[in-house]
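What follows is a set of notes on a single structure, which appears directly below.
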Amino acid sequence: MAGSRTTRTRTSRPPLQRVTRRPPVPRAPRENPVRRLRTRVQRAWDRPLTAYYVIFGGSSLIIVLGLVMVYSASQIKALQLSLPGSYFFQKQFLAAVIGAALLFAASRMPVRLHRALAYPILAVSVVLMALVQVPGIGMAVNGNQNWISIGGPFQLQPSEFGKLALVLWGADLLARKQDRRLLTQWKHMLVPLVPVAFMLLGLIMLGGDMGTAVILTAVLFGLLWLAGAPTRLFAGVLALAVAIGTLLIWTNPNRMDRLACLGATDPGPNDACWQAVHGIYALASGGLLGSGLGASVEKWGQLPEAHTDFIFAVTGEELGLAGTLSVLALFAALGYAGIRVAGRTEDPFVRYAAGGVTTWITAQAVINIGAVLGLLPIAGVPLPLFSYGGSALLPTMFAIGLLIAFAREEPAARAALAMRQPRFGKKRAGGPQGPGRRNTMRRRAKTARPSGER
């Protein structure tokens, strides 16, 4: 017994064992914060409903901010005309309410109904633009014969609806020809699109509205570009348009004076560049954060058309560089979302119509802002969704409704909307957390997977 036991003394220690150390695990390199932010933004932008939210939210912000600036920029003009200070704001607000109804209706219409409206809108626009030249019906504003009085203080500018007519009719025409594979022939690409567009341009130019004619020309080139017009054909039509535009400018002293005011810093003889120079003064005096809402100095009679064509200058004076950059960012987001809708659809009509609307709004915003900055001639066109003018606001809001409807029709967006549960209505079997809800969600998820929705 004693021999079998091993006695351990107090000084005895257990044998040392070697500890095997594991090789150090290499740490993952830290991701660049700029790259991480860009990745997150890219993931958010690739979501199915992003374009839908950007179009709806961006246009809503532009309209609301435009109402605020119309109220601020038009008060002095209204008081000078012995009218209430909120006169122009009330008219713009009424137009915005009617435009909201048009936007909602357009966003809920199916694509086939949009196509069915193309020819009636074109016919009505042509008739109205022809009535502008009839004595006793048409009226001149600022030297341009392009208005119709509809009773009381309300006037209608039919050329604004001509933009919407050309977009819808041109998109339907090109879509039908693409379905029949006729766009490979140049005569089918040009006829009757270009002749009808030139007819609209002729009716507009009879009233002397060069700015609207330029925007309509931009829409025409946008449709031809989306249709895949050959470079030679595209260049030929562009050269013809430039030649006609140059002739119209050269033969009109007023347009030549506007062209001579590019980059002007002094009103010049006879104050020919008064409006352009005071627009620059308004932007320069705004600084970084502006002088404050309602505190503009230029709107006190120094800056003509402060609430219409040059409302961007008043925005820069009162809200500063921050306000103007915010407006530019909203228009940039709206344009990019429209390009995304046009690029992701498989319906040719949706592609042409979305591209035409995006070209229309983007070109008009660039022409207006470029004129205020002194980079382009003053064309007399309003800033879309922002400037005062119900005739311009109504068709533009209807066009925004088109973009919203097209964004909802994307396969992934349609699947994402289908997965949403209604907040109101009858409860499903099993309660909100019961098996009925889980099974419904599972079935919807299965149908949504092929379209790319996660």
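Letters A, B, ... mark the chains of the structure tokens in the order given; residue numbers begin at 1 per chain; ligand numbers begin at 1, in order shown.
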
Query raised in the report: What residues in stretch 15-220 of chain A get the DSSP label helix (DSSP H, G or I)? Please answer as JSON, numbers by chain.
Result: {"A": [33, 34, 35, 36, 37, 38, 39, 40, 41, 42, 43, 44, 45, 50, 51, 52, 53, 54, 55, 56, 57, 58, 59, 60, 61, 62, 63, 64, 65, 66, 67, 68, 69, 70, 71, 72, 73, 74, 75, 76, 77, 78, 79, 80, 87, 88, 89, 90, 91, 92, 93, 94, 95, 96, 97, 98, 99, 100, 101, 102, 103, 104, 105, 106, 107, 108, 111, 112, 113, 114, 115, 116, 118, 119, 120, 121, 122, 123, 124, 125, 126, 127, 128, 129, 130, 131, 158, 159, 160, 161, 162, 163, 164, 165, 166, 167, 168, 169, 170, 171, 172, 173, 174, 175, 176, 177, 178, 179, 186, 187, 188, 189, 190, 193, 194, 195, 196, 197, 198, 199, 200, 201, 202, 203, 204, 205, 206, 210, 211, 212, 213, 214, 215, 216, 217, 218, 219, 220]}

With C-alpha atoms retained, export the selected residues as a short mmCIF file (atom, residue, chain, number, x, y, z; two decimals), in the first residue's frame.
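The result, written out as part39.cif:
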data_model
loop_
_atom_site.label_atom_id
_atom_site.label_comp_id
_atom_site.auth_asym_id
_atom_site.auth_seq_id
_atom_site.Cartn_x
_atom_site.Cartn_y
_atom_site.Cartn_z
CA PRO A 33 -15.66 55.80 -44.37
CA VAL A 34 -16.20 57.54 -47.68
CA ARG A 35 -16.43 54.21 -49.48
CA ARG A 36 -18.74 52.86 -46.79
CA LEU A 37 -21.02 55.87 -47.12
CA ARG A 38 -21.04 55.50 -50.89
CA THR A 39 -21.94 51.82 -50.56
CA ARG A 40 -24.84 52.64 -48.27
CA VAL A 41 -26.09 55.34 -50.59
CA GLN A 42 -25.81 52.96 -53.55
CA ARG A 43 -27.77 50.28 -51.70
CA ALA A 44 -30.46 52.77 -50.73
CA TRP A 45 -30.68 54.05 -54.30
CA THR A 50 -36.43 54.81 -54.23
CA ALA A 51 -37.33 56.50 -57.53
CA TYR A 52 -40.99 56.60 -56.47
CA TYR A 53 -40.17 58.34 -53.20
CA VAL A 54 -37.63 60.71 -54.76
CA ILE A 55 -40.04 61.86 -57.49
CA PHE A 56 -42.95 62.33 -55.10
CA GLY A 57 -40.94 63.83 -52.25
CA GLY A 58 -38.67 65.99 -54.41
CA SER A 59 -41.52 67.48 -56.44
CA SER A 60 -43.57 68.10 -53.28
CA LEU A 61 -40.70 69.97 -51.64
CA ILE A 62 -40.15 72.08 -54.76
CA ILE A 63 -43.84 73.00 -54.91
CA VAL A 64 -44.07 73.88 -51.20
CA LEU A 65 -40.87 75.94 -51.27
CA GLY A 66 -42.10 77.60 -54.46
CA LEU A 67 -45.35 78.62 -52.77
CA VAL A 68 -43.38 80.19 -49.92
CA MET A 69 -41.11 82.10 -52.30
CA VAL A 70 -44.04 83.21 -54.50
CA TYR A 71 -45.69 84.69 -51.43
CA SER A 72 -42.49 86.45 -50.42
CA ALA A 73 -41.50 87.69 -53.89
CA SER A 74 -44.94 88.85 -55.06
CA GLN A 75 -46.11 90.96 -52.13
CA ILE A 76 -44.54 94.20 -53.34
CA LYS A 77 -45.78 93.67 -56.90
CA ALA A 78 -49.32 93.08 -55.63
CA LEU A 79 -49.26 96.23 -53.48
CA GLN A 80 -47.95 98.26 -56.42
CA TYR A 87 -53.10 88.04 -54.27
CA PHE A 88 -50.57 86.13 -56.36
CA PHE A 89 -50.04 83.57 -53.62
CA GLN A 90 -53.76 82.79 -53.47
CA LYS A 91 -53.89 82.21 -57.22
CA GLN A 92 -50.80 80.02 -57.10
CA PHE A 93 -52.15 78.05 -54.15
CA LEU A 94 -55.42 77.43 -56.02
CA ALA A 95 -53.44 76.23 -59.04
CA ALA A 96 -51.38 73.95 -56.77
CA VAL A 97 -54.56 72.41 -55.32
CA ILE A 98 -55.94 71.73 -58.80
CA GLY A 99 -52.52 70.45 -59.87
CA ALA A 100 -52.44 68.09 -56.89
CA ALA A 101 -55.72 66.57 -58.07
CA LEU A 102 -54.26 66.18 -61.58
CA LEU A 103 -51.08 64.66 -60.15
CA PHE A 104 -53.04 62.12 -58.11
CA ALA A 105 -55.25 61.23 -61.08
CA ALA A 106 -52.25 60.80 -63.39
CA SER A 107 -50.39 58.68 -60.84
CA ARG A 108 -53.34 56.28 -60.59
CA VAL A 111 -50.52 53.21 -68.94
CA ARG A 112 -53.12 52.39 -71.60
CA LEU A 113 -55.25 55.34 -70.45
CA HIS A 114 -52.25 57.66 -70.70
CA ARG A 115 -51.75 56.50 -74.25
CA ALA A 116 -55.43 57.01 -75.02
CA ALA A 118 -52.30 61.46 -76.13
CA TYR A 119 -54.32 62.37 -79.23
CA PRO A 120 -57.10 64.32 -77.44
CA ILE A 121 -54.53 66.41 -75.53
CA LEU A 122 -52.64 67.12 -78.75
CA ALA A 123 -55.79 68.13 -80.61
CA VAL A 124 -57.00 70.43 -77.81
CA SER A 125 -53.55 72.03 -77.52
CA VAL A 126 -53.36 72.74 -81.26
CA VAL A 127 -56.84 74.31 -81.25
CA LEU A 128 -56.05 76.49 -78.23
CA MET A 129 -52.71 77.62 -79.67
CA ALA A 130 -54.49 78.55 -82.89
CA LEU A 131 -57.14 80.52 -80.96
CA PRO A 158 -51.85 76.98 -74.30
CA SER A 159 -48.19 76.55 -75.24
CA GLU A 160 -47.51 75.08 -71.78
CA PHE A 161 -49.94 72.28 -72.53
CA GLY A 162 -48.24 71.80 -75.89
CA LYS A 163 -45.20 70.42 -74.06
CA LEU A 164 -47.30 67.74 -72.39
CA ALA A 165 -49.06 67.00 -75.68
CA LEU A 166 -45.79 66.48 -77.56
CA VAL A 167 -44.43 64.18 -74.83
CA LEU A 168 -47.51 61.91 -74.70
CA TRP A 169 -48.23 61.86 -78.42
CA GLY A 170 -44.57 61.45 -79.40
CA ALA A 171 -44.08 58.62 -76.89
CA ASP A 172 -47.18 56.78 -78.14
CA LEU A 173 -46.14 57.25 -81.79
CA LEU A 174 -42.59 55.99 -81.26
CA ALA A 175 -43.77 53.08 -79.11
CA ARG A 176 -46.18 51.88 -81.79
CA LYS A 177 -43.52 52.15 -84.47
CA GLN A 178 -41.03 50.29 -82.31
CA ASP A 179 -43.53 47.47 -81.81
CA TRP A 186 -35.24 57.16 -90.97
CA LYS A 187 -38.47 58.26 -92.62
CA HIS A 188 -40.57 56.44 -90.00
CA MET A 189 -38.47 57.97 -87.22
CA LEU A 190 -38.94 61.51 -88.51
CA LEU A 193 -43.01 63.30 -85.36
CA VAL A 194 -40.84 66.13 -86.70
CA PRO A 195 -43.57 67.77 -88.87
CA VAL A 196 -46.04 67.82 -85.97
CA ALA A 197 -43.38 69.20 -83.64
CA PHE A 198 -42.54 71.93 -86.16
CA MET A 199 -46.25 72.73 -86.45
CA LEU A 200 -46.39 73.26 -82.67
CA LEU A 201 -43.22 75.33 -82.85
CA GLY A 202 -44.70 77.48 -85.61
CA LEU A 203 -47.85 78.17 -83.58
CA ILE A 204 -45.71 79.11 -80.59
CA MET A 205 -43.40 81.35 -82.59
CA LEU A 206 -46.39 83.20 -84.06
CA MET A 210 -38.90 81.88 -78.09
CA GLY A 211 -38.27 80.31 -74.67
CA THR A 212 -41.12 77.81 -74.89
CA ALA A 213 -40.05 76.97 -78.43
CA VAL A 214 -36.55 76.10 -77.20
CA ILE A 215 -37.97 73.77 -74.54
CA LEU A 216 -40.24 72.09 -77.09
CA THR A 217 -37.22 71.60 -79.34
CA ALA A 218 -35.34 70.00 -76.43
CA VAL A 219 -38.23 67.58 -75.90
CA LEU A 220 -38.16 66.67 -79.60
#

Residues of stretch 230-342 of chain A that have any atom at most 12 Å from an atom of stretch 368-374 of chain A: could you tabulate them with the shortest-distance atom pair and the distance in Å to one decimal, using only C-alpha atoms, ordered by chain and increasing number, as a tab-separated table?
residue	atom	partner	partner_atom	distance
A:Arg258	CA	A:Ala371	CA	9.8
A:Leu259	CA	A:Gly374	CA	10.2
A:Ala260	CA	A:Gly374	CA	10.7
A:Cys261	CA	A:Gly374	CA	7.7
A:Leu262	CA	A:Gly374	CA	5.5
A:Gly263	CA	A:Gly374	CA	5.1
A:Ala264	CA	A:Gly374	CA	7.3
A:Thr265	CA	A:Gly374	CA	9.2
A:Asp266	CA	A:Gly374	CA	11.9
A:Cys273	CA	A:Gly374	CA	10.3
A:Trp274	CA	A:Gly374	CA	11.8
A:Gln275	CA	A:Val372	CA	9.0
A:Ala276	CA	A:Gly374	CA	6.5
A:Val277	CA	A:Gly374	CA	8.1
A:His278	CA	A:Val372	CA	9.3
A:Gly279	CA	A:Val372	CA	5.9
A:Ile280	CA	A:Leu373	CA	6.4
A:Tyr281	CA	A:Leu373	CA	10.2
A:Ala282	CA	A:Val372	CA	9.7
A:Leu283	CA	A:Leu373	CA	8.3
A:Ala284	CA	A:Leu373	CA	10.3
A:Leu303	CA	A:Val372	CA	11.1
A:Pro304	CA	A:Val372	CA	11.8
A:Glu305	CA	A:Val372	CA	11.4
A:Ala306	CA	A:Val372	CA	10.8
A:Thr308	CA	A:Asn368	CA	10.1
A:Asp309	CA	A:Asn368	CA	6.9
A:Phe310	CA	A:Val372	CA	6.3
A:Ile311	CA	A:Val372	CA	8.9
A:Phe312	CA	A:Ile369	CA	6.9
A:Ala313	CA	A:Val372	CA	6.4
A:Val314	CA	A:Val372	CA	10.1
A:Thr315	CA	A:Val372	CA	11.1
A:Gly316	CA	A:Val372	CA	10.3
A:Thr324	CA	A:Ile369	CA	9.9
A:Leu325	CA	A:Ile369	CA	11.5
A:Val327	CA	A:Ile369	CA	10.3
A:Leu328	CA	A:Ile369	CA	9.1
A:Phe331	CA	A:Ile369	CA	11.1

Query raised in the report: What does the distance from atom CA of A:Thr359 to atom CA of A:Glu409 come to in Å, to one decimal?
Result: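 So the two atoms, atom CA of A:Thr359 and atom CA of A:Glu409, lie 20.2 Å apart.
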
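Closest approach to A:Glu317 from the set A:Gly287, A:Gly228, A:Pro382, A:Gly222 is made by A:Gly287, with distances taken over only C-alpha atoms.
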